[in-house]
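Novice: Next up, upload32.cif (mmCIF, C-alpha atoms).
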```cif
data_run
loop_
_atom_site.label_atom_id
_atom_site.label_comp_id
_atom_site.auth_asym_id
_atom_site.auth_seq_id
_atom_site.Cartn_x
_atom_site.Cartn_y
_atom_site.Cartn_z
CA MET W 1 117.88 66.94 92.91
CA SER W 2 120.38 68.45 95.32
CA GLU W 3 121.50 66.21 98.19
CA ASP W 4 121.30 69.23 100.50
CA ASN W 5 117.52 69.06 100.26
CA GLY W 6 117.38 65.39 101.19
CA GLY W 7 116.36 64.10 97.73
CA SER W 8 112.84 63.25 96.62
CA ASP W 9 112.24 61.14 99.73
CA GLY W 10 112.86 64.22 101.79
CA PHE W 11 110.09 66.11 99.97
CA SER W 12 107.37 63.51 100.40
CA GLY W 13 108.46 62.61 103.90
CA GLY W 14 107.83 66.08 105.21
CA MET W 15 111.50 66.93 105.79
CA PHE W 16 110.97 70.22 103.98
CA ARG W 17 107.80 71.94 105.15
CA VAL W 18 105.82 74.84 103.76
CA LYS W 19 107.10 77.14 106.49
CA ASP W 20 110.68 76.12 105.59
CA LEU W 21 109.97 77.06 102.00
CA THR W 22 108.50 80.45 102.87
CA ARG W 23 111.40 81.15 105.25
CA SER W 24 113.89 80.35 102.47
CA TYR W 25 112.06 82.59 100.03
CA LEU W 26 111.96 85.51 102.45
CA SER W 27 115.70 85.08 103.04
CA HIS W 28 116.14 85.25 99.28
CA LEU W 29 114.14 88.50 99.23
CA ASP W 30 116.33 89.87 102.05
CA VAL W 31 119.35 89.41 99.80
CA ARG W 32 117.57 91.19 96.95
CA VAL W 33 116.79 94.08 99.27
CA LYS W 34 120.46 94.37 100.26
CA LEU W 35 121.45 94.33 96.58
CA GLY W 36 118.99 97.13 95.89
CA GLU W 37 116.94 95.01 93.48
CA ILE W 38 113.71 95.42 95.43
CA GLU W 39 112.44 97.75 98.14
CA PRO W 40 112.01 96.57 101.75
CA ALA W 41 108.28 97.22 101.37
CA THR W 42 108.12 94.58 98.64
CA LYS W 43 109.59 91.96 100.93
CA SER W 44 107.12 93.02 103.63
CA TRP W 45 104.25 92.62 101.17
CA TYR W 46 105.28 89.06 100.32
CA LYS W 47 105.68 88.23 104.00
CA SER W 48 102.18 89.51 104.75
CA GLN W 49 100.72 87.19 102.10
CA LEU W 50 102.89 84.16 102.88
CA ASP W 51 102.16 84.44 106.60
CA LYS W 52 98.62 83.35 105.68
CA LEU W 53 100.09 80.27 104.02
CA ASP W 54 102.19 79.44 107.07
CA VAL W 55 99.21 79.73 109.40
CA ALA W 56 97.08 77.42 107.26
CA CYS W 57 99.64 74.85 106.09
CA GLY W 58 103.02 75.63 107.62
CA GLU W 59 103.70 72.08 108.79
CA TYR W 60 102.64 70.46 105.52
CA PRO W 61 105.30 69.01 103.17
CA ALA W 62 106.09 71.76 100.70
CA ALA W 63 106.30 69.42 97.71
CA ASP W 64 102.91 67.85 98.43
CA LEU W 65 100.94 71.06 98.85
CA ARG W 66 97.97 71.44 96.49
CA ALA W 67 95.13 73.94 96.14
CA PRO W 68 92.59 71.76 98.06
CA HIS W 69 94.86 71.96 101.12
CA LEU W 70 94.34 75.73 101.19
CA VAL W 71 90.59 75.79 101.88
CA ALA W 72 91.22 77.85 105.02
CA VAL W 73 92.89 80.64 103.02
CA ASP W 74 91.03 83.35 101.14
CA PHE W 75 92.23 83.09 97.54
CA THR W 76 92.57 86.79 96.86
CA TYR W 77 94.38 88.16 93.83
CA HIS W 78 97.34 89.19 96.01
CA PHE W 79 97.61 85.87 97.86
CA VAL W 80 97.60 83.87 94.64
CA ARG W 81 100.26 86.14 93.15
CA ALA W 82 102.51 85.55 96.17
CA LEU W 83 101.85 81.79 96.18
CA LYS W 84 102.72 81.46 92.50
CA ALA W 85 105.89 83.55 92.94
CA LEU W 86 106.95 81.33 95.85
CA TYR W 87 106.66 78.07 93.95
CA ARG W 88 107.98 79.50 90.70
CA TRP W 89 111.13 80.43 92.62
CA ALA W 90 111.25 77.09 94.47
CA VAL W 91 111.34 74.97 91.29
CA ASP W 92 114.01 77.11 89.63
CA GLU W 93 117.04 75.03 88.72
CA GLU W 94 119.20 77.12 91.06
CA GLN W 95 116.91 76.35 94.01
CA GLN W 96 115.32 72.93 93.36
CA LEU W 97 113.53 73.05 96.70
CA VAL W 98 110.49 71.26 95.28
CA PRO W 99 110.39 68.92 92.27
CA ARG W 100 107.60 70.72 90.41
CA ASP W 101 105.27 73.70 90.61
CA PRO W 102 101.74 72.55 91.56
CA PHE W 103 100.35 76.07 91.14
CA LYS W 104 101.72 76.82 87.68
CA LYS W 105 98.28 76.73 86.06
CA LEU W 106 96.45 78.36 88.97
CA LYS W 107 94.87 81.62 87.80
CA ALA W 108 94.65 84.59 90.10
CA PRO W 109 91.11 85.87 90.63
CA PRO W 110 90.33 89.26 89.09
CA CYS W 111 91.21 92.29 91.15
CA GLY W 112 87.79 93.76 90.56
CA GLU W 113 87.04 97.12 89.00
CA ARG W 114 88.20 100.16 90.89
CA GLN W 115 85.56 102.45 92.29
CA ARG W 116 87.69 104.62 94.57
CA ILE W 117 88.44 108.25 93.75
CA LEU W 118 90.16 110.86 95.88
CA THR W 119 88.54 113.89 97.44
CA ARG W 120 90.44 117.19 97.34
CA ALA W 121 91.32 116.79 101.02
CA GLU W 122 92.66 113.27 100.42
CA MET W 123 94.65 114.45 97.43
CA ARG W 124 96.21 117.21 99.53
CA SER W 125 97.09 114.70 102.28
CA LEU W 126 98.71 112.42 99.73
CA TYR W 127 100.77 115.26 98.25
CA LEU W 128 101.99 116.29 101.71
CA ALA W 129 102.92 112.70 102.58
CA SER W 130 104.89 112.17 99.36
CA GLY W 131 108.53 112.85 98.66
CA ARG W 132 109.35 115.56 96.15
CA GLN W 133 109.70 113.30 93.12
CA LEU W 134 106.59 111.25 93.90
CA ARG W 135 104.61 114.44 94.48
CA ARG W 136 105.60 115.72 91.04
CA LEU W 137 104.77 112.40 89.42
CA LEU W 138 101.35 112.28 91.10
CA PHE W 139 100.70 115.86 90.03
CA LEU W 140 101.44 114.89 86.42
CA LEU W 141 99.16 111.85 86.66
CA ARG W 142 96.35 114.04 87.92
CA HIS W 143 96.84 116.64 85.20
CA THR W 144 97.21 114.28 82.24
CA VAL W 145 94.72 111.47 83.08
CA ALA W 146 97.49 109.19 81.73
CA ARG W 147 98.30 105.63 82.72
CA PRO W 148 100.86 105.42 85.55
CA GLY W 149 103.18 103.34 83.36
CA GLU W 150 103.11 105.97 80.62
CA ILE W 151 104.22 108.68 83.03
CA ARG W 152 106.69 106.48 84.94
CA ARG W 153 108.54 105.46 81.74
CA LEU W 154 108.61 108.99 80.35
CA THR W 155 111.87 110.16 78.77
CA TRP W 156 112.65 113.74 77.86
CA GLY W 157 112.65 113.10 74.12
CA LEU W 158 108.99 112.06 74.17
CA ILE W 159 107.89 115.56 75.21
CA GLN W 160 106.87 117.93 72.41
CA TRP W 161 107.27 121.23 74.23
CA ASP W 162 105.90 123.53 71.55
CA ARG W 163 102.79 121.39 71.00
CA ARG W 164 102.28 120.59 74.71
CA MET W 165 102.15 116.84 74.10
CA ILE W 166 103.77 113.57 75.07
CA LEU W 167 103.96 111.23 72.07
CA TRP W 168 104.29 107.46 72.53
CA THR W 169 104.77 105.19 69.51
CA LYS W 170 104.77 102.08 71.73
CA PHE W 171 101.76 102.06 73.98
CA LYS W 172 99.33 99.73 75.71
CA GLY W 173 96.79 98.05 73.44
CA LYS W 174 98.30 99.34 70.20
CA LYS W 175 98.16 95.93 68.47
CA ARG W 176 94.60 95.29 69.63
CA ARG W 177 93.20 98.61 68.46
CA GLY W 178 91.01 98.52 65.40
CA ASP W 179 91.10 102.25 64.67
CA GLY W 180 94.63 102.33 63.26
CA VAL W 181 96.05 104.79 65.79
CA LYS W 182 99.85 104.68 65.53
CA VAL W 183 100.78 107.28 68.13
CA ARG W 184 99.47 107.73 71.65
CA THR W 185 99.10 111.45 72.33
CA ILE W 186 99.02 112.65 75.94
CA PRO W 187 98.08 116.34 76.09
CA LEU W 188 99.71 118.58 78.70
CA ASP W 189 97.99 121.47 80.40
CA LEU W 190 100.02 124.56 81.29
CA PRO W 191 100.71 123.57 84.94
CA ALA W 192 102.05 120.21 83.73
CA VAL W 193 104.32 121.91 81.19
CA ARG W 194 105.65 124.28 83.87
CA LEU W 195 106.42 121.39 86.19
CA LEU W 196 108.30 119.47 83.49
CA ARG W 197 110.21 122.55 82.27
CA ASN W 198 111.35 123.40 85.80
CA LEU W 199 112.49 119.82 86.37
CA TYR W 200 114.27 119.81 83.01
CA ARG W 201 116.24 122.94 83.94
CA ARG W 202 117.14 121.59 87.39
CA ARG W 203 118.54 118.45 85.76
CA GLY W 204 120.78 120.55 83.54
CA SER W 205 119.01 119.87 80.25
CA PRO W 206 119.31 116.05 80.16
CA GLY W 207 119.47 114.09 76.90
CA PRO W 208 116.37 112.89 75.04
CA ASN W 209 116.78 109.24 76.14
CA GLU W 210 117.24 110.00 79.82
CA PRO W 211 114.34 109.09 82.13
CA VAL W 212 112.34 111.86 83.75
CA TRP W 213 111.90 109.87 86.98
CA LEU W 214 114.98 108.37 88.61
CA ASP W 215 115.61 105.96 91.44
CA ARG W 216 118.31 106.41 94.05
CA ASP W 217 120.94 105.00 91.67
CA GLY W 218 120.06 107.43 88.90
CA LYS W 219 118.29 104.77 86.83
CA GLU W 220 114.73 104.73 85.55
CA LEU W 221 112.24 104.39 88.39
CA SER W 222 110.94 100.82 88.33
CA PRO W 223 107.29 99.76 88.67
CA ASN W 224 108.08 98.25 92.03
CA GLY W 225 109.92 101.37 93.16
CA LEU W 226 106.92 103.53 92.32
CA ARG W 227 104.54 101.08 93.98
CA CYS W 228 106.57 101.04 97.19
CA ARG W 229 106.86 104.84 97.33
CA MET W 230 103.12 105.12 96.80
CA ARG W 231 102.47 102.60 99.56
CA LEU W 232 104.58 104.52 102.06
CA ALA W 233 102.94 107.83 101.13
CA ARG W 234 99.48 106.27 101.40
CA LEU W 235 100.17 104.93 104.86
CA LYS W 236 101.81 108.17 106.01
CA ALA W 237 98.75 110.09 104.83
CA GLY W 238 96.44 107.71 106.71
CA LEU W 239 94.67 106.66 103.53
CA ASN W 240 93.48 103.09 103.09
CA PRO W 241 95.12 100.94 105.75
CA GLU W 242 96.34 97.60 104.43
CA ASP W 243 93.20 95.73 105.49
CA ILE W 244 90.94 97.79 103.21
CA GLU W 245 89.98 95.92 100.03
CA GLU W 246 90.53 98.73 97.50
CA ARG W 247 93.73 100.55 98.33
CA ILE W 248 94.71 103.91 96.93
CA VAL W 249 97.31 103.31 94.22
CA CYS W 250 98.62 105.33 91.29
CA TYR W 251 95.73 104.15 89.12
CA THR W 252 93.36 105.78 91.63
CA LEU W 253 94.56 109.14 90.33
CA ARG W 254 93.62 108.16 86.77
CA HIS W 255 90.11 107.31 87.94
CA THR W 256 89.95 110.56 89.93
CA ALA W 257 91.17 112.66 87.00
CA ALA W 258 88.71 111.01 84.60
CA THR W 259 85.83 111.73 86.97
CA ASP W 260 86.97 115.34 87.37
CA ALA W 261 87.14 115.67 83.57
CA VAL W 262 83.50 114.63 83.23
CA ARG W 263 82.53 117.07 85.96
CA ALA W 264 84.30 119.78 83.97
CA GLY W 265 82.34 118.93 80.84
CA VAL W 266 84.90 116.76 78.98
CA ARG W 267 83.00 113.75 77.63
CA GLY W 268 82.70 111.14 74.94
CA LYS W 269 85.30 110.75 72.24
CA GLN W 270 87.42 113.63 73.49
CA LEU W 271 87.91 112.07 76.92
CA SER W 272 88.49 108.63 75.39
CA ASN W 273 91.25 110.06 73.19
CA ILE W 274 92.85 111.86 76.13
CA MET W 275 92.90 108.60 78.09
CA GLY W 276 94.12 106.53 75.14
CA HIS W 277 91.02 104.35 74.83
CA ALA W 278 89.68 103.03 71.54
CA ARG W 279 86.18 102.61 72.97
CA SER W 280 84.14 105.00 75.09
CA ALA W 281 82.80 102.00 77.04
CA THR W 282 86.30 101.52 78.44
CA THR W 283 86.44 105.18 79.48
CA ASP W 284 83.10 104.87 81.23
CA ARG W 285 84.62 102.41 83.71
CA TYR W 286 86.89 105.17 84.99
CA VAL W 287 84.13 107.64 85.80
CA HIS W 288 82.57 107.41 89.27
CA LEU W 289 80.09 110.20 89.83
CA ALA W 290 78.62 110.69 93.29
CA GLY W 291 75.07 111.55 94.23
CA ASP W 292 75.89 115.26 94.40
CA ASP W 293 77.09 115.12 90.78
CA LEU W 294 73.77 113.61 89.72
CA VAL W 295 71.80 116.29 91.54
CA GLU W 296 73.93 118.98 89.88
CA GLY W 297 73.28 117.36 86.50
CA ILE W 298 69.51 117.27 86.97
CA ASP W 299 69.58 120.91 88.07
CA ARG W 300 71.45 121.89 84.90
CA LEU W 301 68.89 119.97 82.87
CA ALA W 302 66.04 121.78 84.59
CA ALA W 303 67.70 125.16 84.04
CA ALA W 304 68.05 124.42 80.32
CA ARG W 305 64.35 123.76 79.82
CA PRO W 306 62.30 126.68 78.47
CA ARG W 307 60.14 128.27 81.18
CA ARG W 308 56.41 128.27 80.69
CA ARG W 309 54.74 131.59 80.90
CA SER W 310 52.07 131.85 83.51
CA SER W 311 48.55 132.29 82.13
CA GLY W 312 47.73 134.99 84.68
#
```
Spit out the file's structure as C-alpha coordinates when you get a sec.
Specialist:
Amino acid sequence: MSEDNGGSDGFSGGMFRVKDLTRSYLSHLDVRVKLGEIEPATKSWYKSQLDKLDVACGEYPAADLRAPHLVAVDFTYHFVRALKALYRWAVDEEQQLVPRDPFKKLKAPPCGERQRILTRAEMRSLYLASGRQLRRLLFLLRHTVARPGEIRRLTWGLIQWDRRMILWTKFKGKKRRGDGVKVRTIPLDLPAVRLLRNLYRRRGSPGPNEPVWLDRDGKELSPNGLRCRMRLARLKAGLNPEDIEERIVCYTLRHTAATDAVRAGVRGKQLSNIMGHARSATTDRYVHLAGDDLVEGIDRLAAARPRRRSSG
(Lines of atoms letter the chains of each structure in order from A and count residues from 1; the text may use other names and numbers.)
(Lines give C-alpha, C1' and ligand atoms only; values in the text may rest on other atoms or scores of the structure.)
Protein backbone atom coordinates (compact mmCIF):
# COMPACT_ATOMS: atom_id res chain seq x y z
CA MET A 1 0.00 0.00 0.00
CA SER A 2 1.31 3.43 -0.90
CA GLU A 3 2.56 5.56 2.00
CA ASP A 4 0.88 8.58 0.38
CA ASN A 5 -2.48 7.11 1.34
CA GLY A 6 -1.52 6.64 4.97
CA GLY A 7 -1.34 2.81 4.88
CA SER A 8 -4.07 0.44 6.01
CA ASP A 9 -4.48 2.28 9.31
CA GLY A 10 -5.38 5.35 7.34
CA PHE A 11 -8.23 3.52 5.59
CA SER A 12 -9.90 2.15 8.69
CA GLY A 13 -9.27 5.29 10.70
CA GLY A 14 -11.30 7.43 8.37
CA MET A 15 -8.34 9.39 6.99
CA PHE A 16 -9.61 8.75 3.47
CA ARG A 17 -13.35 9.37 3.23
CA VAL A 18 -15.90 8.50 0.58
CA LYS A 19 -16.05 12.11 -0.58
CA ASP A 20 -12.24 12.09 -0.93
CA LEU A 21 -12.52 9.01 -3.10
CA THR A 22 -15.21 10.47 -5.34
CA ARG A 23 -13.26 13.73 -5.65
CA SER A 24 -10.15 11.78 -6.72
CA TYR A 25 -12.14 9.80 -9.27
CA LEU A 26 -13.71 12.91 -10.77
CA SER A 27 -10.24 14.47 -11.05
CA HIS A 28 -9.17 11.33 -12.89
CA LEU A 29 -12.12 11.77 -15.27
CA ASP A 30 -11.13 15.42 -15.80
CA VAL A 31 -7.76 14.22 -17.08
CA ARG A 32 -9.46 11.74 -19.41
CA VAL A 33 -11.64 14.54 -20.77
CA LYS A 34 -8.56 16.67 -21.49
CA LEU A 35 -6.92 13.71 -23.24
CA GLY A 36 -10.02 13.27 -25.39
CA GLU A 37 -10.70 9.78 -24.06
CA ILE A 38 -14.18 10.63 -22.82
CA GLU A 39 -16.68 13.42 -23.40
CA PRO A 40 -17.36 16.08 -20.74
CA ALA A 41 -20.94 14.79 -20.57
CA THR A 42 -19.64 11.42 -19.38
CA LYS A 43 -17.83 13.02 -16.48
CA SER A 44 -20.98 14.99 -15.67
CA TRP A 45 -23.01 11.78 -15.66
CA TYR A 46 -20.66 10.13 -13.16
CA LYS A 47 -20.72 13.23 -10.98
CA SER A 48 -24.52 13.24 -10.94
CA GLN A 49 -24.54 9.64 -9.67
CA LEU A 50 -21.65 9.98 -7.22
CA ASP A 51 -23.14 13.14 -5.72
CA LYS A 52 -25.83 10.84 -4.31
CA LEU A 53 -23.10 8.77 -2.66
CA ASP A 54 -21.47 11.86 -1.16
CA VAL A 55 -24.75 13.08 0.29
CA ALA A 56 -25.49 9.73 1.92
CA CYS A 57 -22.02 8.62 3.05
CA GLY A 58 -19.49 11.31 2.20
CA GLU A 59 -17.86 11.35 5.64
CA TYR A 60 -17.64 7.56 5.93
CA PRO A 61 -14.25 5.83 5.56
CA ALA A 62 -14.00 4.83 1.92
CA ALA A 63 -12.42 1.45 2.66
CA ASP A 64 -15.12 0.48 5.15
CA LEU A 65 -18.12 1.33 3.00
CA ARG A 66 -20.53 -1.56 2.38
CA ALA A 67 -23.93 -1.91 0.73
CA PRO A 68 -25.88 -1.76 4.06
CA HIS A 69 -24.46 1.73 4.63
CA LEU A 70 -26.25 2.91 1.50
CA VAL A 71 -29.85 2.37 2.64
CA ALA A 72 -30.59 6.05 2.01
CA VAL A 73 -29.64 5.76 -1.67
CA ASP A 74 -31.92 4.43 -4.38
CA PHE A 75 -30.03 1.52 -5.97
CA THR A 76 -30.87 2.30 -9.57
CA TYR A 77 -29.10 0.65 -12.48
CA HIS A 78 -27.17 3.86 -13.18
CA PHE A 79 -26.12 4.46 -9.57
CA VAL A 80 -24.82 0.91 -9.17
CA ARG A 81 -22.87 1.21 -12.42
CA ALA A 82 -21.19 4.39 -11.18
CA LEU A 83 -20.49 2.91 -7.73
CA LYS A 84 -18.87 -0.19 -9.21
CA ALA A 85 -16.77 1.91 -11.61
CA LEU A 86 -15.59 4.07 -8.70
CA TYR A 87 -14.36 1.18 -6.57
CA ARG A 88 -13.01 -0.80 -9.52
CA TRP A 89 -10.82 2.22 -10.28
CA ALA A 90 -9.91 2.75 -6.61
CA VAL A 91 -8.47 -0.76 -6.12
CA ASP A 92 -6.44 -0.66 -9.34
CA GLU A 93 -2.76 -1.22 -8.63
CA GLU A 94 -1.96 2.24 -9.99
CA GLN A 95 -4.36 3.87 -7.52
CA GLN A 96 -4.52 1.63 -4.42
CA LEU A 97 -6.84 4.06 -2.69
CA VAL A 98 -8.75 1.24 -0.99
CA PRO A 99 -7.44 -2.25 -0.19
CA ARG A 100 -10.27 -4.17 -1.88
CA ASP A 101 -13.48 -3.71 -3.84
CA PRO A 102 -16.50 -4.37 -1.57
CA PHE A 103 -18.92 -3.98 -4.50
CA LYS A 104 -17.25 -6.36 -6.94
CA LYS A 105 -20.06 -8.90 -6.72
CA LEU A 106 -22.87 -6.35 -6.47
CA LYS A 107 -25.23 -6.77 -9.43
CA ALA A 108 -26.90 -3.79 -11.01
CA PRO A 109 -30.70 -4.00 -11.05
CA PRO A 110 -32.29 -4.45 -14.47
CA CYS A 111 -32.93 -1.31 -16.46
CA GLY A 112 -36.47 -2.41 -17.17
CA GLU A 113 -38.02 -2.88 -20.58
CA ARG A 114 -38.36 0.19 -22.72
CA GLN A 115 -41.85 1.38 -23.49
CA ARG A 116 -41.10 4.81 -24.94
CA ILE A 117 -41.50 5.56 -28.64
CA LEU A 118 -41.24 8.88 -30.44
CA THR A 119 -44.08 10.78 -32.04
CA ARG A 120 -43.46 12.41 -35.43
CA ALA A 121 -43.22 15.82 -33.73
CA GLU A 122 -40.66 14.51 -31.23
CA MET A 123 -38.67 12.88 -34.01
CA ARG A 124 -38.59 16.18 -35.90
CA SER A 125 -37.44 18.04 -32.77
CA LEU A 126 -34.68 15.51 -32.24
CA TYR A 127 -33.48 15.82 -35.84
CA LEU A 128 -33.38 19.61 -35.58
CA ALA A 129 -31.45 19.46 -32.30
CA SER A 130 -28.84 17.04 -33.67
CA GLY A 131 -25.61 17.80 -35.44
CA ARG A 132 -25.31 16.76 -39.07
CA GLN A 133 -23.61 13.41 -38.45
CA LEU A 134 -25.91 12.42 -35.58
CA ARG A 135 -28.95 13.40 -37.64
CA ARG A 136 -27.81 11.10 -40.45
CA LEU A 137 -27.11 8.27 -38.03
CA LEU A 138 -30.54 8.64 -36.39
CA PHE A 139 -32.17 8.71 -39.82
CA LEU A 140 -30.46 5.42 -40.67
CA LEU A 141 -31.54 3.88 -37.37
CA ARG A 142 -35.12 4.86 -38.07
CA HIS A 143 -35.05 3.49 -41.61
CA THR A 144 -33.32 0.17 -40.89
CA VAL A 145 -34.79 -0.82 -37.48
CA ALA A 146 -31.20 -1.92 -36.72
CA ARG A 147 -29.42 -2.01 -33.39
CA PRO A 148 -27.54 1.24 -32.63
CA GLY A 149 -24.27 -0.68 -32.29
CA GLU A 150 -24.71 -2.23 -35.73
CA ILE A 151 -25.10 1.17 -37.35
CA ARG A 152 -22.44 2.90 -35.22
CA ARG A 153 -19.77 0.29 -36.12
CA LEU A 154 -20.66 0.29 -39.81
CA THR A 155 -17.77 0.31 -42.29
CA TRP A 156 -18.12 0.97 -45.99
CA GLY A 157 -17.18 -2.56 -47.01
CA LEU A 158 -20.19 -4.02 -45.19
CA ILE A 159 -22.61 -2.25 -47.54
CA GLN A 160 -23.82 -4.25 -50.55
CA TRP A 161 -24.95 -1.38 -52.76
CA ASP A 162 -26.49 -3.40 -55.58
CA ARG A 163 -28.50 -5.60 -53.19
CA ARG A 164 -29.40 -2.75 -50.80
CA MET A 165 -28.11 -4.60 -47.75
CA ILE A 166 -25.67 -4.35 -44.88
CA LEU A 167 -24.11 -7.75 -44.14
CA TRP A 168 -22.59 -8.52 -40.73
CA THR A 169 -20.78 -11.81 -40.14
CA LYS A 170 -20.13 -10.91 -36.48
CA PHE A 171 -23.32 -9.88 -34.79
CA LYS A 172 -25.07 -9.90 -31.44
CA GLY A 173 -26.39 -13.29 -30.32
CA LYS A 174 -24.82 -15.24 -33.17
CA LYS A 175 -23.43 -17.98 -30.89
CA ARG A 176 -26.71 -18.29 -28.98
CA ARG A 177 -28.92 -18.64 -32.04
CA GLY A 178 -30.31 -22.06 -32.73
CA ASP A 179 -31.37 -21.41 -36.32
CA GLY A 180 -27.89 -21.53 -37.83
CA VAL A 181 -27.93 -18.00 -39.25
CA LYS A 182 -24.35 -17.07 -40.19
CA VAL A 183 -24.90 -13.59 -41.59
CA ARG A 184 -26.94 -10.73 -40.17
CA THR A 185 -28.70 -8.97 -43.05
CA ILE A 186 -29.88 -5.39 -42.56
CA PRO A 187 -32.05 -4.29 -45.50
CA LEU A 188 -31.83 -0.71 -46.74
CA ASP A 189 -34.74 1.24 -48.13
CA LEU A 190 -34.12 3.72 -50.95
CA PRO A 191 -33.85 6.83 -48.71
CA ALA A 192 -31.22 5.04 -46.60
CA VAL A 193 -29.24 4.09 -49.71
CA ARG A 194 -29.35 7.69 -50.97
CA LEU A 195 -28.09 9.00 -47.65
CA LEU A 196 -25.18 6.55 -47.57
CA ARG A 197 -24.26 7.12 -51.23
CA ASN A 198 -24.19 10.89 -50.76
CA LEU A 199 -22.02 10.54 -47.67
CA TYR A 200 -19.72 8.12 -49.51
CA ARG A 201 -19.18 10.63 -52.33
CA ARG A 202 -18.55 13.50 -49.90
CA ARG A 203 -15.87 11.43 -48.19
CA GLY A 204 -14.11 10.89 -51.50
CA SER A 205 -14.87 7.18 -51.87
CA PRO A 206 -13.25 5.89 -48.64
CA GLY A 207 -11.79 2.39 -48.34
CA PRO A 208 -13.87 -0.64 -47.33
CA ASN A 209 -12.44 -0.79 -43.78
CA GLU A 210 -12.98 2.88 -43.00
CA PRO A 211 -15.78 3.70 -40.52
CA VAL A 212 -18.89 5.45 -41.78
CA TRP A 213 -19.22 7.50 -38.57
CA LEU A 214 -16.19 9.40 -37.32
CA ASP A 215 -15.32 11.28 -34.17
CA ARG A 216 -13.50 14.60 -34.11
CA ASP A 217 -10.14 12.84 -34.52
CA GLY A 218 -11.26 10.93 -37.60
CA LYS A 219 -11.56 7.64 -35.72
CA GLU A 220 -14.57 5.36 -35.37
CA LEU A 221 -17.29 6.98 -33.28
CA SER A 222 -17.23 5.30 -29.86
CA PRO A 223 -20.28 4.09 -27.92
CA ASN A 224 -19.68 6.81 -25.36
CA GLY A 225 -19.29 9.45 -28.06
CA LEU A 226 -22.63 8.50 -29.58
CA ARG A 227 -24.29 8.38 -26.16
CA CYS A 228 -23.02 11.86 -25.27
CA ARG A 229 -24.10 13.36 -28.59
CA MET A 230 -27.53 11.81 -28.16
CA ARG A 231 -27.79 13.19 -24.63
CA LEU A 232 -27.00 16.73 -25.76
CA ALA A 233 -29.47 16.51 -28.66
CA ARG A 234 -32.16 15.13 -26.35
CA LEU A 235 -31.72 17.96 -23.88
CA LYS A 236 -31.57 20.60 -26.62
CA ALA A 237 -34.81 19.24 -28.07
CA GLY A 238 -36.47 19.37 -24.63
CA LEU A 239 -37.12 15.64 -24.63
CA ASN A 240 -36.89 13.65 -21.40
CA PRO A 241 -35.15 15.80 -18.81
CA GLU A 242 -32.62 13.87 -16.73
CA ASP A 243 -35.06 13.18 -13.89
CA ILE A 244 -37.40 11.16 -16.11
CA GLU A 245 -37.03 7.40 -15.59
CA GLU A 246 -37.01 6.29 -19.24
CA ARG A 247 -34.87 8.66 -21.26
CA ILE A 248 -34.85 8.87 -25.02
CA VAL A 249 -31.74 7.08 -26.26
CA CYS A 250 -30.67 5.58 -29.58
CA TYR A 251 -32.50 2.36 -28.77
CA THR A 252 -35.72 4.38 -28.57
CA LEU A 253 -35.53 4.76 -32.34
CA ARG A 254 -35.38 0.97 -32.76
CA HIS A 255 -38.53 0.61 -30.68
CA THR A 256 -40.18 3.44 -32.64
CA ALA A 257 -39.22 1.94 -36.00
CA ALA A 258 -40.45 -1.52 -34.98
CA THR A 259 -43.80 -0.08 -33.91
CA ASP A 260 -44.08 1.86 -37.18
CA ALA A 261 -43.31 -1.34 -39.11
CA VAL A 262 -46.22 -3.15 -37.46
CA ARG A 263 -48.48 -0.19 -38.21
CA ALA A 264 -47.41 -0.48 -41.85
CA GLY A 265 -48.32 -4.16 -41.95
CA VAL A 266 -44.86 -5.74 -41.46
CA ARG A 267 -45.29 -8.55 -38.94
CA GLY A 268 -44.15 -11.93 -37.72
CA LYS A 269 -41.11 -13.63 -39.15
CA GLN A 270 -40.40 -10.87 -41.65
CA LEU A 271 -40.07 -8.21 -38.96
CA SER A 272 -38.05 -10.56 -36.73
CA ASN A 273 -35.59 -11.15 -39.58
CA ILE A 274 -35.31 -7.43 -40.30
CA MET A 275 -34.51 -6.79 -36.63
CA GLY A 276 -32.11 -9.73 -36.36
CA HIS A 277 -34.14 -11.72 -33.84
CA ALA A 278 -34.27 -15.50 -33.76
CA ARG A 279 -37.62 -15.49 -31.94
CA SER A 280 -40.73 -13.43 -32.64
CA ALA A 281 -41.29 -13.15 -28.87
CA THR A 282 -38.18 -10.97 -28.71
CA THR A 283 -39.53 -8.76 -31.50
CA ASP A 284 -42.82 -8.36 -29.69
CA ARG A 285 -41.05 -6.53 -26.86
CA TYR A 286 -40.17 -3.74 -29.27
CA VAL A 287 -43.72 -3.05 -30.42
CA HIS A 288 -45.74 -0.55 -28.38
CA LEU A 289 -49.09 0.12 -29.99
CA ALA A 290 -51.27 2.90 -28.60
CA GLY A 291 -55.02 2.90 -28.10
CA ASP A 292 -55.58 4.57 -31.47
CA ASP A 293 -53.73 1.70 -33.16
CA LEU A 294 -56.05 -0.80 -31.49
CA VAL A 295 -59.15 1.11 -32.59
CA GLU A 296 -57.79 1.22 -36.15
CA GLY A 297 -57.18 -2.53 -36.00
CA ILE A 298 -60.70 -3.33 -34.82
CA ASP A 299 -62.11 -1.09 -37.55
CA ARG A 300 -60.13 -2.98 -40.20
CA LEU A 301 -61.42 -6.24 -38.76
CA ALA A 302 -64.99 -4.99 -38.93
CA ALA A 303 -64.53 -3.81 -42.52
CA ALA A 304 -63.23 -7.25 -43.52
CA ARG A 305 -66.31 -9.08 -42.27
CA PRO A 306 -68.94 -9.92 -44.89
CA ARG A 307 -72.00 -7.66 -44.61
CA ARG A 308 -75.32 -9.27 -43.93
CA ARG A 309 -78.06 -8.48 -46.33
CA SER A 310 -81.10 -6.92 -44.82
CA SER A 311 -84.22 -9.09 -44.94
CA GLY A 312 -86.39 -6.17 -46.02
Novice: So how far away is CA of Pro187 in chain W from CA of Arg254 in chain W, in Å?
Specialist: 14.2 Å
Novice: Quick one: pull the distance between CA of Ala62 in chain W and CA of Arg17 in chain W, Å, one decimal.
Specialist: 4.8 Å
Novice: Restricting the calculation to all atoms listed in the file, which member of W:Arg197, W:Arg234, W:Lys219, W:Arg23 is positioned closest to Arg124 in chain W?
Specialist: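 Residue with the minimum atom-to-atom distance to Arg124 in chain W: W:Arg234.
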Novice: Going by the chain IDs and residue numbers used in this file, which residues fall under the PyMOL selection byres ((chain W and resi 259) around 8)? Write them as a JSON list (two decimals) with C-alpha atoms, keeping the file's coordinate frame.
Specialist:
```json
[["chain", "number", "residue", "atom", "x", "y", "z"],
["W", 255, "HIS", "CA", 90.11, 107.31, 87.94],
["W", 256, "THR", "CA", 89.95, 110.56, 89.93],
["W", 257, "ALA", "CA", 91.17, 112.66, 87.00],
["W", 258, "ALA", "CA", 88.71, 111.01, 84.60],
["W", 260, "ASP", "CA", 86.97, 115.34, 87.37],
["W", 261, "ALA", "CA", 87.14, 115.67, 83.57],
["W", 262, "VAL", "CA", 83.50, 114.63, 83.23],
["W", 263, "ARG", "CA", 82.53, 117.07, 85.96],
["W", 286, "TYR", "CA", 86.89, 105.17, 84.99],
["W", 287, "VAL", "CA", 84.13, 107.64, 85.80],
["W", 288, "HIS", "CA", 82.57, 107.41, 89.27],
["W", 289, "LEU", "CA", 80.09, 110.20, 89.83]]
```
Novice: Using CA of Gln160 in chain W and CA of Glu220 in chain W as the two end points, give the distance in Å to one decimal.
Specialist: 20.2 Å
Novice: Give as a list in words the residues that the PyMOL selection byres ((chain W and resi 83) around 10) matches when applied to the coordinates above.
Specialist: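 Applying the expression gives Thr22, Tyr46, Gln49, Leu50, Leu53, Phe75, His78, Phe79, Val80, Arg81, Ala82, Lys84, Ala85, Leu86, Tyr87, Arg88, Phe103, Lys104, Leu106 and Ala108 of chain W.
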